[in-house]
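Asker: Input structure: input-v2.tsv, which contains TSV, C-alpha atoms.
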chain	number	residue	atom	x	y	z
A	1	MET	CA	104.28	13.05	-212.30
A	2	ALA	CA	103.15	10.84	-209.43
A	3	PHE	CA	101.27	11.54	-206.23
A	4	CYS	CA	102.02	10.44	-202.68
A	5	LYS	CA	99.56	7.78	-201.53
A	6	PHE	CA	99.78	9.09	-197.99
A	7	CYS	CA	99.31	12.84	-198.32
A	8	GLY	CA	98.48	13.30	-202.00
A	9	LYS	CA	101.38	15.65	-202.67
A	10	GLU	CA	102.78	15.67	-206.20
A	11	ILE	CA	106.24	14.04	-206.39
A	12	PRO	CA	108.71	13.27	-209.21
A	13	GLU	CA	108.36	9.87	-210.84
A	14	GLY	CA	110.37	7.36	-208.80
A	15	GLY	CA	110.90	9.89	-206.00
A	16	VAL	CA	109.89	9.73	-202.35
A	17	CYS	CA	107.59	12.26	-200.70
A	18	ASP	CA	108.99	14.21	-197.77
A	19	CYS	CA	105.94	13.57	-195.57
A	20	ALA	CA	106.49	11.56	-192.38
A	21	ALA	CA	104.49	8.51	-193.50
A	22	ALA	CA	106.34	8.17	-196.82
A	23	GLN	CA	109.74	8.65	-195.17
A	24	GLY	CA	108.86	6.06	-192.55
A	25	GLN	CA	107.93	3.48	-195.17
A	26	ASN	CA	111.09	4.18	-197.16
A	27	ALA	CA	113.26	3.67	-194.06
A	28	ALA	CA	111.42	0.46	-193.20
A	29	ASN	CA	111.81	-0.85	-196.74
A	30	ASN	CA	115.57	-0.28	-196.54
A	31	THR	CA	115.67	-2.09	-193.19
A	32	PHE	CA	113.79	-5.06	-194.59
A	33	ASP	CA	116.03	-5.26	-197.64
A	34	GLN	CA	119.15	-5.27	-195.46
A	35	ALA	CA	117.67	-7.89	-193.15
A	36	ASN	CA	116.73	-10.10	-196.08
A	37	ASN	CA	120.30	-9.95	-197.37
A	38	VAL	CA	121.63	-10.90	-193.94
A	39	PHE	CA	119.33	-13.88	-193.52
A	40	ASN	CA	119.83	-15.17	-197.04
A	41	ASN	CA	123.65	-14.99	-196.97
A	42	ASP	CA	125.63	-18.08	-196.02
A	43	ASN	CA	126.43	-18.00	-192.32
A	44	ASN	CA	129.51	-19.46	-190.63
A	45	ASN	CA	127.78	-22.61	-189.54
A	46	GLY	CA	127.83	-24.88	-192.52
A	47	GLY	CA	126.95	-22.51	-195.30
A	48	LYS	CA	123.18	-23.18	-194.93
A	49	LYS	CA	120.72	-20.58	-196.10
A	50	GLY	CA	119.08	-18.41	-193.49
A	51	ILE	CA	115.47	-17.33	-193.01
A	52	ASP	CA	113.63	-15.75	-195.95
A	53	VAL	CA	111.70	-12.73	-194.70
A	54	ASN	CA	110.02	-11.92	-198.03
A	55	ASP	CA	106.57	-12.96	-196.75
A	56	THR	CA	106.90	-10.59	-193.80
A	57	ILE	CA	108.09	-7.80	-196.06
A	58	ASN	CA	105.14	-8.17	-198.44
A	59	LYS	CA	102.65	-8.09	-195.59
A	60	VAL	CA	104.11	-5.02	-193.93
A	61	LYS	CA	104.98	-2.93	-197.00
A	62	GLY	CA	102.22	-0.48	-197.85
A	63	ASN	CA	100.70	-0.62	-194.37
A	64	PRO	CA	101.97	2.36	-192.35
A	65	THR	CA	100.41	1.06	-189.13
A	66	LEU	CA	102.73	-1.95	-189.22
A	67	LEU	CA	105.93	-0.19	-190.27
A	68	ILE	CA	107.26	0.60	-186.80
A	69	GLY	CA	106.35	-2.81	-185.41
A	70	GLY	CA	107.75	-4.58	-188.47
A	71	ALA	CA	111.03	-2.68	-188.26
A	72	ALA	CA	111.29	-3.57	-184.58
A	73	VAL	CA	110.75	-7.26	-185.33
A	74	VAL	CA	113.46	-7.21	-187.99
A	75	LEU	CA	115.86	-5.50	-185.57
A	76	VAL	CA	115.22	-8.21	-182.99
A	77	LEU	CA	115.84	-10.89	-185.64
A	78	ILE	CA	119.12	-9.28	-186.66
A	79	LEU	CA	120.28	-9.08	-183.03
A	80	LEU	CA	119.24	-12.71	-182.53
A	81	LEU	CA	121.20	-13.74	-185.62
A	82	ILE	CA	124.29	-11.92	-184.34
A	83	PHE	CA	123.93	-13.72	-180.99
A	84	ILE	CA	123.46	-17.12	-182.64
A	85	LEU	CA	126.47	-16.69	-184.92
A	86	GLY	CA	128.55	-15.79	-181.88
A	87	HIS	CA	127.56	-19.01	-180.13
A	88	THR	CA	127.69	-21.44	-183.02
A	89	GLY	CA	130.14	-22.17	-185.78
A	90	ALA	CA	133.89	-22.02	-185.28
A	91	LYS	CA	133.81	-19.31	-182.64
A	92	GLY	CA	131.08	-21.04	-180.67
A	93	ALA	CA	133.04	-24.30	-180.70
A	94	ALA	CA	136.20	-22.54	-179.53
A	95	LYS	CA	134.35	-20.84	-176.67
A	96	SER	CA	132.64	-24.07	-175.61
A	97	TYR	CA	135.99	-25.87	-175.62
A	98	ALA	CA	137.60	-23.11	-173.54
A	99	LYS	CA	134.85	-23.35	-170.94
A	100	SER	CA	135.17	-27.14	-170.85
A	101	ILE	CA	138.79	-26.92	-169.70
A	102	THR	CA	138.13	-24.28	-167.02
A	103	LYS	CA	134.82	-25.30	-165.41
A	104	LYS	CA	133.38	-28.30	-163.62
A	105	GLY	CA	131.02	-30.76	-165.26
A	106	LYS	CA	131.97	-30.06	-168.88
A	107	GLY	CA	133.35	-33.48	-169.78
A	108	LYS	CA	130.63	-34.24	-172.30
A	109	THR	CA	131.26	-30.95	-174.07
A	110	TYR	CA	135.01	-31.53	-174.07
A	111	TYR	CA	134.90	-35.00	-175.64
A	112	SER	CA	132.06	-34.13	-178.01
A	113	LEU	CA	134.32	-31.44	-179.45
A	114	THR	CA	137.68	-33.21	-179.37
A	115	LEU	CA	136.69	-36.69	-180.57
A	116	PRO	CA	135.38	-37.82	-183.97
A	117	ASP	CA	131.73	-38.84	-184.06
A	118	ASP	CA	132.76	-42.35	-185.13
A	119	LYS	CA	134.95	-42.66	-182.02
A	120	ILE	CA	132.15	-41.38	-179.79
A	121	LYS	CA	129.80	-43.98	-181.27
A	122	ASP	CA	132.32	-46.73	-180.54
A	123	LEU	CA	132.69	-45.55	-176.95
A	124	LYS	CA	128.93	-45.54	-176.50
A	125	ASP	CA	128.62	-49.01	-178.03
A	126	ASP	CA	131.23	-50.30	-175.58
A	127	ASP	CA	129.56	-48.50	-172.64
A	128	ASP	CA	132.74	-46.48	-172.08
A	129	TRP	CA	131.34	-43.05	-172.93
A	130	LYS	CA	129.84	-42.19	-169.54
A	131	ASP	CA	132.92	-43.45	-167.69
A	132	LYS	CA	135.19	-41.31	-169.86
A	133	ILE	CA	133.11	-38.22	-169.15
A	134	GLU	CA	133.01	-38.93	-165.43
A	135	ASP	CA	136.78	-39.40	-165.29
A	136	TYR	CA	137.30	-36.05	-167.00
A	137	ASN	CA	134.84	-34.29	-164.69
A	138	ASP	CA	136.47	-35.84	-161.63
A	139	GLY	CA	139.89	-34.63	-162.79
A	140	ILE	CA	138.73	-31.02	-163.19
A	141	LYS	CA	136.83	-31.16	-159.91
A	142	ASP	CA	139.85	-32.52	-158.01
A	143	SER	CA	142.04	-29.80	-159.47
A	144	ILE	CA	139.64	-27.06	-158.41
A	145	ASP	CA	139.13	-28.65	-154.99
A	146	ASP	CA	142.92	-28.63	-154.56
A	147	GLY	CA	142.87	-24.86	-154.82
A	148	TYR	CA	143.43	-24.25	-158.52
A	149	LYS	CA	141.31	-21.44	-159.91
A	150	TYR	CA	140.86	-21.08	-163.65
A	151	LYS	CA	139.67	-17.91	-165.33
A	152	LEU	CA	139.05	-17.72	-169.05
A	153	LYS	CA	140.58	-14.43	-170.24
A	154	SER	CA	140.02	-14.50	-173.99
A	155	VAL	CA	139.28	-16.61	-177.06
A	156	LYS	CA	140.72	-15.02	-180.19
A	157	LYS	CA	140.45	-16.17	-183.76
A	158	GLY	CA	143.73	-16.49	-185.64
A	159	LYS	CA	144.72	-17.50	-189.13
A	160	LYS	CA	142.73	-19.62	-191.52
A	161	LEU	CA	144.08	-23.13	-192.00
A	162	SER	CA	145.90	-23.86	-195.24
A	163	LYS	CA	145.09	-26.84	-197.45
A	164	THR	CA	148.14	-28.60	-196.09
A	165	ALA	CA	147.00	-28.00	-192.51
A	166	LEU	CA	143.54	-29.31	-193.37
A	167	LYS	CA	145.19	-32.41	-194.78
A	168	GLY	CA	147.01	-32.77	-191.46
A	169	ALA	CA	143.70	-32.38	-189.64
A	170	GLU	CA	142.21	-35.19	-191.70
A	171	LYS	CA	145.19	-37.41	-190.89
A	172	TYR	CA	144.92	-36.66	-187.17
A	173	TRP	CA	141.16	-37.23	-187.18
A	174	GLU	CA	141.54	-40.57	-188.92
A	175	GLU	CA	144.21	-41.68	-186.44
A	176	ASN	CA	141.73	-40.90	-183.66
A	177	GLY	CA	138.90	-43.03	-184.99
A	178	ALA	CA	137.25	-41.16	-187.86
A	179	ASP	CA	136.26	-43.10	-190.97
A	180	ASP	CA	137.46	-41.28	-194.10
A	181	PRO	CA	137.25	-37.72	-192.67
A	182	GLU	CA	136.95	-34.67	-194.92
A	183	ALA	CA	138.07	-31.33	-193.49
A	184	LYS	CA	136.19	-28.50	-195.19
A	185	LYS	CA	137.77	-25.48	-193.50
A	186	GLY	CA	139.29	-24.40	-190.21
A	187	TYR	CA	140.87	-21.69	-188.10
A	188	GLU	CA	143.46	-21.41	-185.39
A	189	TYR	CA	142.30	-19.95	-182.06
A	190	LYS	CA	144.34	-18.59	-179.18
A	191	ILE	CA	142.86	-19.37	-175.77
A	192	LYS	CA	144.18	-17.44	-172.81
A	193	VAL	CA	143.52	-18.86	-169.33
A	194	GLN	CA	144.61	-17.43	-165.99
A	195	VAL	CA	145.57	-19.99	-163.32
A	196	LYS	CA	145.84	-19.18	-159.60
A	197	HIS	CA	147.22	-21.54	-156.95
A	198	ASP	CA	148.79	-20.97	-153.53
A	199	GLY	CA	149.11	-17.25	-154.15
A	200	ASP	CA	150.81	-17.70	-157.50
A	201	LYS	CA	149.15	-16.45	-160.65
A	202	LYS	CA	150.11	-17.08	-164.25
A	203	THR	CA	148.45	-16.83	-167.62
A	204	ASN	CA	148.74	-19.58	-170.20
A	205	THR	CA	148.03	-19.09	-173.90
A	206	ASP	CA	147.31	-22.23	-175.92
A	207	LYS	CA	146.70	-22.60	-179.63
A	208	VAL	CA	144.05	-24.99	-180.90
A	209	CYS	CA	142.47	-25.50	-184.30
A	210	VAL	CA	138.74	-25.51	-184.90
A	211	VAL	CA	137.98	-27.57	-188.00
A	212	LYS	CA	134.74	-28.23	-189.80
A	213	PHE	CA	134.50	-31.88	-190.84
A	214	LYS	CA	131.91	-33.02	-193.35
A	215	GLY	CA	129.01	-34.67	-191.56
A	216	GLU	CA	130.30	-33.70	-188.11
A	217	GLY	CA	130.38	-29.94	-187.93
A	218	TRP	CA	132.99	-27.95	-186.02
A	219	LYS	CA	135.49	-29.91	-183.95
A	220	VAL	CA	138.52	-28.92	-181.89
A	221	ILE	CA	142.02	-30.32	-182.42
A	222	GLU	CA	144.46	-29.49	-179.66
A	223	TYR	CA	147.29	-28.59	-182.01
A	224	SER	CA	148.40	-25.33	-183.59
A	225	ALA	CA	148.04	-24.55	-187.28
A	226	ASP	CA	151.77	-25.11	-187.74
A	227	ASP	CA	151.52	-28.53	-186.08
A	228	LEU	CA	148.73	-29.59	-188.45
A	229	LYS	CA	150.61	-28.21	-191.42
A	230	GLU	CA	153.62	-30.32	-190.46
A	231	MET	CA	151.39	-33.40	-190.23
A	232	GLY	CA	149.97	-32.66	-193.65
A	233	GLU	CA	153.42	-32.44	-195.18
A	234	ASP	CA	154.46	-35.89	-193.97
The structure given in the file should be rewritten as structure tokens.

Answerer:
Amino acid sequence: MAFCKFCGKEIPEGGVCDCAAAQGQNAANNTFDQANNVFNNDNNNGGKKGIDVNDTINKVKGNPTLLIGGAAVVLVLILLLIFILGHTGAKGAAKSYAKSITKKGKGKTYYSLTLPDDKIKDLKDDDDWKDKIEDYNDGIKDSIDDGYKYKLKSVKKGKKLSKTALKGAEKYWEENGADDPEAKKGYEYKIKVQVKHDGDKKTNTDKVCVVKFKGEGWKVIEYSADDLKEMGED
């Protein structure tokens, strides 16, 4: 038989005492284990490993005075991870793209997402990058100043891109200035935007593909999954 280190009560070997301190530690241990699994799993932003919280776990385990605070810290980290994953990766790229076509001053975001890094470098080398961004920003601004109002309604993830569609993405990316691109994975997204002008209101739904290219991260191609698949079949 074993004895509880908190209250001294006799407990079965491998069991957990029913006193408050022992139950609190057991709950915290479970929380830490779950958090460690979350942070060590591959996330959706490149498959990189997350944060290892083992050091924190070892320091807090066995110290009842730190259990509540430690559990709270882990909860904050989990919520932060959820927030980060929602604003990075494929979904983050899709949301950033959607905002860039509905708001002023987002030209840099738009072209950073829709152009290969090699193409962007060429534009910068030729001193055309800033002009391209300014032209885009001026176009959106003029449209809004003319009375067009854009409201982003939703950004929804669709189907995963097939190997053929990824091949089409590579072909498209190469045609637009990329040097030997390699598409790792991708998804189709549906972007719904409401447009108001002169009392008229309509909602447009466009399909784009968010593709992760090796060495570049997530990029946006303004074609549907079917369009890219057709390109890959040619």

Asker: Between A:Gly89, A:Pro116, A:Gly199, A:Gly105, which is the closest to Ala178 of chain A once you count only C-alpha atoms?

Answerer: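 So, comparing all the options, the nearest one is A:Pro116.
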
Asker: Please list as a list in words every residue within 8 Å of Lys184 of chain A, counting all atoms listed in the file and excluding residues in the same chain fewer than 6 positions away.

Answerer: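 Surrounding residues, per the criterion: Leu166, Val211, Lys212, Phe213 and Lys214 of chain A.
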
Asker: For Trp129 of chain A, which of A:Lys141, A:Lys192, A:Lys149, A:Lys108 is the closest residue, counting only C-alpha atoms?

Answerer: A:Lys108

Asker: Find the distance between atom CA of Asp226 of chain A and atom CA of Ser100 of chain A and write it in Å to one decimal.

Answerer: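 Between atom CA of Asp226 of chain A and atom CA of Ser100 of chain A the gap is 23.8 Å.
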
Asker: Which residue out of A:Asp198, A:Asp117, A:Glu230, A:Asp206 has the minimum interatomic distance to Tyr148 of chain A when all atoms listed in the file are used?

Answerer: A:Asp198

Asker: For atom CA of Lys95 of chain A and atom CA of Asp125 of chain A, determine how far apart the two atoms are, in Å to one decimal place.

Answerer: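 Distance reported for this atom pair: 28.8 Å.
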
Asker: Just want the 9 Å neighbourhood of Gly186 of chain A, counted on all atoms listed in the file, with same-chain residues fewer than 3 positions away dropped. Output as a list in words.

Answerer: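 The residues satisfying every condition are Ala90, Lys159, Lys160, Leu161, Ser162, Ala165, Leu166, Ala183, Cys209, Val210, Val211, Lys212, Phe213 and Trp218 of chain A.
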
Asker: Would you work out the distance separating atom CA of Lys104 of chain A from atom CA of Asn137 of chain A, expressed in Å to one decimal?

Answerer: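 Computing the Euclidean distance for atom CA of Lys104 of chain A and atom CA of Asn137 of chain A yields 6.3 Å.
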
Asker: List the neighbours of Asp179 of chain A out to 10 Å using all atoms listed in the file; skip same-chain residues closer than 4 positions along the sequence, and give me the result as an MDAnalysis selection string.

Answerer: chainID A and resid 116:119 170 173:175

Asker: Could you tell me which of A:Lys124, A:His197, A:Lys132, A:Lys229 comes closest to Thr164 of chain A if we count only C-alpha atoms?

Answerer: A:Lys229

Asker: Which of these residues is nearest to Ile133 of chain A, using all atoms listed in the file: A:Pro12, A:Asp227, A:Tyr110, A:Val195?

Answerer: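 Residue with the minimum atom-to-atom distance to Ile133 of chain A: A:Tyr110.
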